[in-house]
Each structure stands twice: as C-alpha cells, then as structure tokens.
Amino acid sequence: MPYVDRQNRICGFLDIEENESSGRFLRRYFILDTEQGSLLWYMDNPQNLPKGAQNVGSLNLTYISKVSDATKVRPKAEFCFVINAGMRKFYLQANDQQDLVEWISVLNKATKITVPKSNEGHTGHAETPQEVLGAMKQVSYKTEIIGGVPIITATQEQGEGLTGTERGGLRRTPNQQPYFLSTGAQDQAFIKAGYCVKQGAVMKNWKRRYFMLDENSISYYKSDLEREALKVVPLREIHKVQECKQSELMMRDNLFEMVTSSRTFYIQADSPEDMHSWIKAISGAIVAQRGPGRSANTRVRCDSYTLTLPK
C-alpha cells in the first residue's frame, strides 16, 4: 500500500511496463513527491541502494492528465491501472485491489490543479501528502487469553477502506513463495513468505533477503530461487518481536526487530501493513508452537505490537 515516508513523500512498490506495449512488468519502488512535482521510480527503496543511485524513471506531475483503472484494457495484467501523460501511456500493476484504488486516488489528487474563483480572497489550503493519501489505515491488534494462551488478532482497521472480502486476494507473484515450492516440491508448509531488507550482523549493511516463516522457524535466503537458507532461526529462540523503537535513529521506515538470545535482527518491510503482518505472523507462530498446555510461568506476554518470551 502507498504510505507516507519520513520525508513526507508517498511511496510504495508497483510493477511498471517500462517499455510500452512490451507486456513485461518490472518491480520498482515509486516515490510521489508532491513538493517537487514529480513521480520517480527506482530499482529498490533508495535506502537500500548505493549512495547517489539514480532513479530509473521519472514523470513530471504536470504532464499527467488522468490516472484510471485499466483492468478491462489489460485483462491479463491483474490490478492494472494506466497513467496518461501526453502521448505516452504508462501501465502499472498494483499489489491488490485496495492498492490499485489507493494509488489511482493519490495520483489523481496530486496532479489535480485547482484555480481559485475570482471572488475568493485567498488561495485554498495546499494538501499535505497525508491529506492526499487520506486517513492512514493503522492496524491494531488485541490479545485474548484462550485456554491460558495469549492469541493475537487484528482489530478493525481505522479509516475508510475496503473490507477483506472486497479487496480480494493478494496478487500472487513469484516472490511470494520460493521457486522450489512453486514448482511442485511442496513438502513443507509455510505460514508467510516474502522479501524484506535486513541488517547484516557484522558489516551492518542492508540487503534484501527472501524470508520464509513456517511452524518451527523463520529462515531467510539470498533469493526466492535458492534452496539453501542463509540462516534458520528456530521460533523457540525468539524472545521478542516488535516494531523497532530505534527506527528514527536508523532512519528506516517500516522497521521491526526480532530479538533472540544471541542477536537482535533488524528487518525492514516494504510497507507499514507488511511490517505489522510479519509481526503478527511471527507472534502467532510462536504462540501456536507453545500450545495451550504451558504452565503460568512460561506464558507468553504480549502487548499491541510485542510478543515477549522469557528466556
């Protein structure tokens, strides 16, 4: 979903047909900068690229005449919309139906030119990115004790938006499950899988890795094409998973931390929704692994975004 980053810009991942009529969509990170009047796209979030990395495409907002749904025009491209810019049409794919609706809305609002009436003594208030995007949907969680086990469940999202049924399922891309599982060797079930960016243990650099959570562990791979994990972290070793309190210090959006007895993993998701989804999924997997038969002194302690396990 598009979100407002710490520089007050609307950002998020989309797939774009960079070569017109090629039918080939490439994953790119988009930045809608209303102050600069431009839409930029990069190979990845610039935070994860070498310093000074240039964008791979840009569009002046004044050139955009209309942004609209293109699912009927491009039926094979799921959740497709089109940006009309002069003689060129840019076709993009959102991640799901809600993502499509929100991107169309924010782009149309950002490119809308309003001229004050002659009898108006002052110009209207300039919308901020937060106002352009609308009420950000914050996902909150509640904790219920069922059979002595804390169960974390998502409460209703704040702000207006489509329901889960109305949104439809997420568009399945090759990045959502490992290649070796998608090709038929599904001998292990996974709870959640996808790309995130993690900080290295020694060099402290940030690299995009493919994460996979199952009922016993969370693993990460160099890519979704790899069979051998770079690291496997058993769920029993995880003491805490929560939104990172040092995100301002690290200057990273959508950052959460996974604390084990030997190391704290700092992981950056692609959006606030994805971050909360990972926290909820890992927390739920840990609770499920412990089961209802624990004694009181091994009970998991939870709050809105934290699952804490005693060492």
# chains A, B, ... in the order shown; residues from 1 in each chain; ligands from 1
call {"tool": "residues_around", "arguments": {"residues": "stretch 264-281 of chain A", "least_positions_apart": "6", "cutoff": "6 Å", "atoms": "only C-alpha atoms", "output": "list of chain:residue names"}}
result
A:Cys196, A:Val197, A:Lys198, A:Gln199, A:Asn254, A:Leu255, A:Phe256, A:Glu257, A:Met258
call {"tool": "write_last_selection", "arguments": {"atoms": "all heavy atoms", "output": "CSV table (one decimal), in the first residue's frame"}}
result
chain,number,residue,atom,x,y,z
A,196,CYS,N,12.1,-9.0,2.4
A,196,CYS,CA,12.3,-7.9,3.3
A,196,CYS,C,13.8,-7.5,3.2
A,196,CYS,O,14.6,-8.2,2.6
A,196,CYS,CB,12.0,-8.3,4.8
A,196,CYS,SG,10.3,-8.6,5.1
A,197,VAL,N,14.2,-6.4,3.9
A,197,VAL,CA,15.6,-6.0,3.9
A,197,VAL,C,16.1,-6.1,5.4
A,197,VAL,O,15.4,-5.7,6.3
A,197,VAL,CB,15.7,-4.5,3.5
A,197,VAL,CG1,17.1,-4.0,3.6
A,197,VAL,CG2,15.2,-4.4,2.0
A,198,LYS,N,17.2,-6.7,5.5
A,198,LYS,CA,17.7,-7.0,6.9
A,198,LYS,C,19.2,-6.4,7.0
A,198,LYS,O,19.9,-6.2,6.0
A,198,LYS,CB,17.8,-8.4,7.2
A,198,LYS,CG,18.7,-9.3,6.3
A,198,LYS,CD,18.9,-10.7,6.9
A,198,LYS,CE,19.8,-10.7,8.1
A,198,LYS,NZ,21.2,-10.3,7.7
A,199,GLN,N,19.5,-6.0,8.3
A,199,GLN,CA,20.8,-5.5,8.5
A,199,GLN,C,21.8,-6.7,8.8
A,199,GLN,O,21.4,-7.6,9.5
A,199,GLN,CB,20.8,-4.6,9.8
A,199,GLN,CG,22.1,-3.9,10.0
A,199,GLN,CD,22.1,-3.1,11.3
A,199,GLN,OE1,21.8,-3.6,12.4
A,199,GLN,NE2,22.3,-1.8,11.2
A,254,ASN,N,9.2,1.4,8.4
A,254,ASN,CA,8.7,0.0,8.4
A,254,ASN,C,9.6,-1.0,9.0
A,254,ASN,O,9.8,-2.1,8.5
A,254,ASN,CB,8.2,-0.4,7.0
A,254,ASN,CG,7.5,0.7,6.3
A,254,ASN,OD1,6.7,1.4,6.8
A,254,ASN,ND2,7.8,0.8,5.0
A,255,LEU,N,10.3,-0.6,10.1
A,255,LEU,CA,11.4,-1.4,10.7
A,255,LEU,C,10.8,-2.1,11.9
A,255,LEU,O,10.2,-1.6,12.8
A,255,LEU,CB,12.6,-0.5,11.0
A,255,LEU,CG,13.9,-1.2,11.4
A,255,LEU,CD1,14.5,-1.9,10.2
A,255,LEU,CD2,14.9,-0.2,11.9
A,256,PHE,N,11.1,-3.5,12.0
A,256,PHE,CA,10.8,-4.2,13.2
A,256,PHE,C,12.0,-5.0,13.6
A,256,PHE,O,13.0,-5.2,12.8
A,256,PHE,CB,9.6,-5.1,13.0
A,256,PHE,CG,9.7,-6.2,12.0
A,256,PHE,CD1,10.0,-7.5,12.5
A,256,PHE,CD2,9.5,-6.1,10.7
A,256,PHE,CE1,10.1,-8.6,11.6
A,256,PHE,CE2,9.6,-7.1,9.8
A,256,PHE,CZ,9.9,-8.4,10.3
A,257,GLU,N,12.0,-5.4,14.9
A,257,GLU,CA,13.1,-6.2,15.4
A,257,GLU,C,12.7,-7.5,16.0
A,257,GLU,O,11.6,-7.7,16.5
A,257,GLU,CB,13.8,-5.4,16.5
A,257,GLU,CG,13.0,-5.0,17.7
A,257,GLU,CD,13.7,-4.0,18.6
A,257,GLU,OE1,14.7,-3.5,18.3
A,257,GLU,OE2,13.1,-3.8,19.7
A,258,MET,N,13.6,-8.5,15.8
A,258,MET,CA,13.3,-9.9,16.3
A,258,MET,C,14.5,-10.2,17.2
A,258,MET,O,15.6,-10.3,16.7
A,258,MET,CB,13.3,-10.8,15.1
A,258,MET,CG,12.8,-12.2,15.3
A,258,MET,SD,12.5,-13.1,13.8
A,258,MET,CE,14.1,-13.3,13.2
call {"tool": "select_by_dssp", "arguments": {"residues": "stretch 28-106 of chain A", "states": "strand (DSSP E)", "output": "PyMOL selection string"}}
result
chain A and resi 28-33+38-42+57-60+64-69+80-85+88-93
call {"tool": "residues_around", "arguments": {"residues": "A:Phe13", "least_positions_apart": "6", "cutoff": "8 Å", "atoms": "only C-alpha atoms", "output": "list in words"}}
result
Met1, Pro2, Arg27, Arg28, Tyr29, Phe30, Ala94 and Asp270 of chain A
call {"tool": "closest_residue", "arguments": {"among": "A:Val233, A:Lys222, A:Glu17, A:Glu243", "to": "A:Arg208", "atoms": "only C-alpha atoms"}}
result
A:Lys222
call {"tool": "atom_distance", "arguments": {"atom1": "atom CA of A:Lys89", "atom2": "atom CA of A:Glu20"}}
result
7.5 Å
call {"tool": "closest_residue", "arguments": {"among": "A:Gln98, A:Asp253, A:Gly200, A:Asn60", "to": "A:Lys231", "atoms": "only C-alpha atoms"}}
result
A:Gly200
call {"tool": "residues_around", "arguments": {"residues": "A:Asn19", "least_positions_apart": "5", "cutoff": "10 Å", "atoms": "only C-alpha atoms", "output": "list in words"}}
result
Arg24, Phe25, Leu26, Phe90 and Tyr91 of chain A
call {"tool": "decode", "arguments": {"residues": "stretch 8-21 of chain A", "atoms": "all heavy atoms", "output": "PDB file, in the first residue's frame"}}
result
ATOM      1  N   ASN A   8       8.081  12.834   4.101  1.00  0.00           N
ATOM      2  CA  ASN A   8       6.767  13.368   3.747  1.00  0.00           C
ATOM      3  C   ASN A   8       6.416  13.131   2.272  1.00  0.00           C
ATOM      4  O   ASN A   8       5.759  13.958   1.634  1.00  0.00           O
ATOM      5  CB  ASN A   8       6.694  14.869   4.061  1.00  0.00           C
ATOM      6  CG  ASN A   8       5.344  15.255   4.645  1.00  0.00           C
ATOM      7  OD1 ASN A   8       4.690  14.445   5.293  1.00  0.00           O
ATOM      8  ND2 ASN A   8       4.921  16.477   4.401  1.00  0.00           N
ATOM      9  N   ARG A   9       6.854  11.993   1.736  1.00  0.00           N
ATOM     10  CA  ARG A   9       6.543  11.626   0.364  1.00  0.00           C
ATOM     11  C   ARG A   9       5.705  10.347   0.355  1.00  0.00           C
ATOM     12  O   ARG A   9       5.813   9.532   1.262  1.00  0.00           O
ATOM     13  CB  ARG A   9       7.832  11.411  -0.440  1.00  0.00           C
ATOM     14  CG  ARG A   9       8.781  12.594  -0.423  1.00  0.00           C
ATOM     15  CD  ARG A   9      10.133  12.242  -1.029  1.00  0.00           C
ATOM     16  NE  ARG A   9      10.745  11.102  -0.349  1.00  0.00           N
ATOM     17  CZ  ARG A   9      11.933  10.588  -0.682  1.00  0.00           C
ATOM     18  NH1 ARG A   9      12.615  11.112  -1.691  1.00  0.00           N
ATOM     19  NH2 ARG A   9      12.425   9.545  -0.019  1.00  0.00           N
ATOM     20  N   ILE A  10       4.888  10.176  -0.662  1.00  0.00           N
ATOM     21  CA  ILE A  10       4.070   8.974  -0.784  1.00  0.00           C
ATOM     22  C   ILE A  10       4.875   7.921  -1.546  1.00  0.00           C
ATOM     23  O   ILE A  10       5.372   8.185  -2.641  1.00  0.00           O
ATOM     24  CB  ILE A  10       2.743   9.282  -1.498  1.00  0.00           C
ATOM     25  CG1 ILE A  10       1.930  10.292  -0.667  1.00  0.00           C
ATOM     26  CG2 ILE A  10       1.942   8.003  -1.720  1.00  0.00           C
ATOM     27  CD1 ILE A  10       0.684  10.798  -1.353  1.00  0.00           C
ATOM     28  N   CYS A  11       5.019   6.736  -0.954  1.00  0.00           N
ATOM     29  CA  CYS A  11       5.920   5.714  -1.502  1.00  0.00           C
ATOM     30  C   CYS A  11       5.273   4.339  -1.536  1.00  0.00           C
ATOM     31  O   CYS A  11       4.272   4.096  -0.864  1.00  0.00           O
ATOM     32  CB  CYS A  11       7.195   5.632  -0.658  1.00  0.00           C
ATOM     33  SG  CYS A  11       8.044   7.197  -0.404  1.00  0.00           S
ATOM     34  N   GLY A  12       5.897   3.452  -2.289  1.00  0.00           N
ATOM     35  CA  GLY A  12       5.457   2.068  -2.320  1.00  0.00           C
ATOM     36  C   GLY A  12       5.934   1.345  -3.565  1.00  0.00           C
ATOM     37  O   GLY A  12       6.417   1.967  -4.518  1.00  0.00           O
ATOM     38  N   PHE A  13       5.801   0.020  -3.554  1.00  0.00           N
ATOM     39  CA  PHE A  13       6.216  -0.807  -4.689  1.00  0.00           C
ATOM     40  C   PHE A  13       5.057  -1.023  -5.661  1.00  0.00           C
ATOM     41  O   PHE A  13       3.923  -1.249  -5.254  1.00  0.00           O
ATOM     42  CB  PHE A  13       6.719  -2.169  -4.202  1.00  0.00           C
ATOM     43  CG  PHE A  13       8.138  -2.162  -3.713  1.00  0.00           C
ATOM     44  CD1 PHE A  13       8.414  -1.990  -2.364  1.00  0.00           C
ATOM     45  CD2 PHE A  13       9.189  -2.319  -4.593  1.00  0.00           C
ATOM     46  CE1 PHE A  13       9.726  -1.990  -1.894  1.00  0.00           C
ATOM     47  CE2 PHE A  13      10.506  -2.320  -4.147  1.00  0.00           C
ATOM     48  CZ  PHE A  13      10.780  -2.152  -2.792  1.00  0.00           C
ATOM     49  N   LEU A  14       5.379  -0.939  -6.950  1.00  0.00           N
ATOM     50  CA  LEU A  14       4.454  -1.245  -8.029  1.00  0.00           C
ATOM     51  C   LEU A  14       5.234  -1.948  -9.135  1.00  0.00           C
ATOM     52  O   LEU A  14       6.467  -1.886  -9.166  1.00  0.00           O
ATOM     53  CB  LEU A  14       3.825   0.043  -8.604  1.00  0.00           C
ATOM     54  CG  LEU A  14       2.890   0.851  -7.709  1.00  0.00           C
ATOM     55  CD1 LEU A  14       2.654   2.228  -8.307  1.00  0.00           C
ATOM     56  CD2 LEU A  14       1.562   0.121  -7.521  1.00  0.00           C
ATOM     57  N   ASP A  15       4.514  -2.598 -10.037  1.00  0.00           N
ATOM     58  CA  ASP A  15       5.140  -3.151 -11.245  1.00  0.00           C
ATOM     59  C   ASP A  15       4.800  -2.225 -12.405  1.00  0.00           C
ATOM     60  O   ASP A  15       3.643  -1.810 -12.542  1.00  0.00           O
ATOM     61  CB  ASP A  15       4.609  -4.553 -11.531  1.00  0.00           C
ATOM     62  CG  ASP A  15       5.007  -5.565 -10.465  1.00  0.00           C
ATOM     63  OD1 ASP A  15       5.826  -5.205  -9.595  1.00  0.00           O
ATOM     64  OD2 ASP A  15       4.493  -6.695 -10.492  1.00  0.00           O
ATOM     65  N   ILE A  16       5.787  -1.904 -13.243  1.00  0.00           N
ATOM     66  CA  ILE A  16       5.560  -0.978 -14.344  1.00  0.00           C
ATOM     67  C   ILE A  16       6.022  -1.585 -15.665  1.00  0.00           C
ATOM     68  O   ILE A  16       7.033  -2.289 -15.720  1.00  0.00           O
ATOM     69  CB  ILE A  16       6.286   0.374 -14.107  1.00  0.00           C
ATOM     70  CG1 ILE A  16       5.995   1.350 -15.253  1.00  0.00           C
ATOM     71  CG2 ILE A  16       7.780   0.188 -13.914  1.00  0.00           C
ATOM     72  CD1 ILE A  16       6.474   2.764 -15.000  1.00  0.00           C
ATOM     73  N   GLU A  17       5.260  -1.336 -16.702  1.00  0.00           N
ATOM     74  CA  GLU A  17       5.650  -1.718 -18.059  1.00  0.00           C
ATOM     75  C   GLU A  17       6.515  -0.572 -18.599  1.00  0.00           C
ATOM     76  O   GLU A  17       6.016   0.392 -19.164  1.00  0.00           O
ATOM     77  CB  GLU A  17       4.406  -1.926 -18.928  1.00  0.00           C
ATOM     78  CG  GLU A  17       4.708  -2.438 -20.323  1.00  0.00           C
ATOM     79  CD  GLU A  17       3.468  -2.530 -21.188  1.00  0.00           C
ATOM     80  OE1 GLU A  17       2.722  -1.525 -21.243  1.00  0.00           O
ATOM     81  OE2 GLU A  17       3.231  -3.572 -21.802  1.00  0.00           O
ATOM     82  N   GLU A  18       7.822  -0.671 -18.390  1.00  0.00           N
ATOM     83  CA  GLU A  18       8.726   0.432 -18.749  1.00  0.00           C
ATOM     84  C   GLU A  18       8.820   0.618 -20.263  1.00  0.00           C
ATOM     85  O   GLU A  18       8.933   1.739 -20.748  1.00  0.00           O
ATOM     86  CB  GLU A  18      10.112   0.208 -18.141  1.00  0.00           C
ATOM     87  CG  GLU A  18      10.116   0.356 -16.628  1.00  0.00           C
ATOM     88  CD  GLU A  18      11.504   0.270 -16.020  1.00  0.00           C
ATOM     89  OE1 GLU A  18      12.335  -0.508 -16.525  1.00  0.00           O
ATOM     90  OE2 GLU A  18      11.738   0.973 -15.026  1.00  0.00           O
ATOM     91  N   ASN A  19       8.801  -0.479 -21.003  1.00  0.00           N
ATOM     92  CA  ASN A  19       8.796  -0.403 -22.466  1.00  0.00           C
ATOM     93  C   ASN A  19       7.360  -0.575 -22.953  1.00  0.00           C
ATOM     94  O   ASN A  19       6.768  -1.650 -22.794  1.00  0.00           O
ATOM     95  CB  ASN A  19       9.698  -1.478 -23.067  1.00  0.00           C
ATOM     96  CG  ASN A  19      11.148  -1.282 -22.667  1.00  0.00           C
ATOM     97  OD1 ASN A  19      11.642  -0.163 -22.630  1.00  0.00           O
ATOM     98  ND2 ASN A  19      11.832  -2.380 -22.363  1.00  0.00           N
ATOM     99  N   GLU A  20       6.810   0.472 -23.513  1.00  0.00           N
ATOM    100  CA  GLU A  20       5.400   0.486 -23.878  1.00  0.00           C
ATOM    101  C   GLU A  20       5.027  -0.679 -24.785  1.00  0.00           C
ATOM    102  O   GLU A  20       5.746  -1.003 -25.738  1.00  0.00           O
ATOM    103  CB  GLU A  20       5.067   1.813 -24.572  1.00  0.00           C
ATOM    104  CG  GLU A  20       3.582   2.085 -24.680  1.00  0.00           C
ATOM    105  CD  GLU A  20       3.298   3.503 -25.148  1.00  0.00           C
ATOM    106  OE1 GLU A  20       4.246   4.225 -25.473  1.00  0.00           O
ATOM    107  OE2 GLU A  20       2.113   3.873 -25.176  1.00  0.00           O
ATOM    108  N   SER A  21       3.909  -1.330 -24.461  1.00  0.00           N
ATOM    109  CA  SER A  21       3.344  -2.455 -25.223  1.00  0.00           C
ATOM    110  C   SER A  21       4.209  -3.712 -25.199  1.00  0.00           C
ATOM    111  O   SER A  21       3.962  -4.651 -25.959  1.00  0.00           O
ATOM    112  CB  SER A  21       3.093  -2.041 -26.696  1.00  0.00           C
ATOM    113  OG  SER A  21       2.222  -0.934 -26.757  1.00  0.00           O
TER     114      SER A  21
END
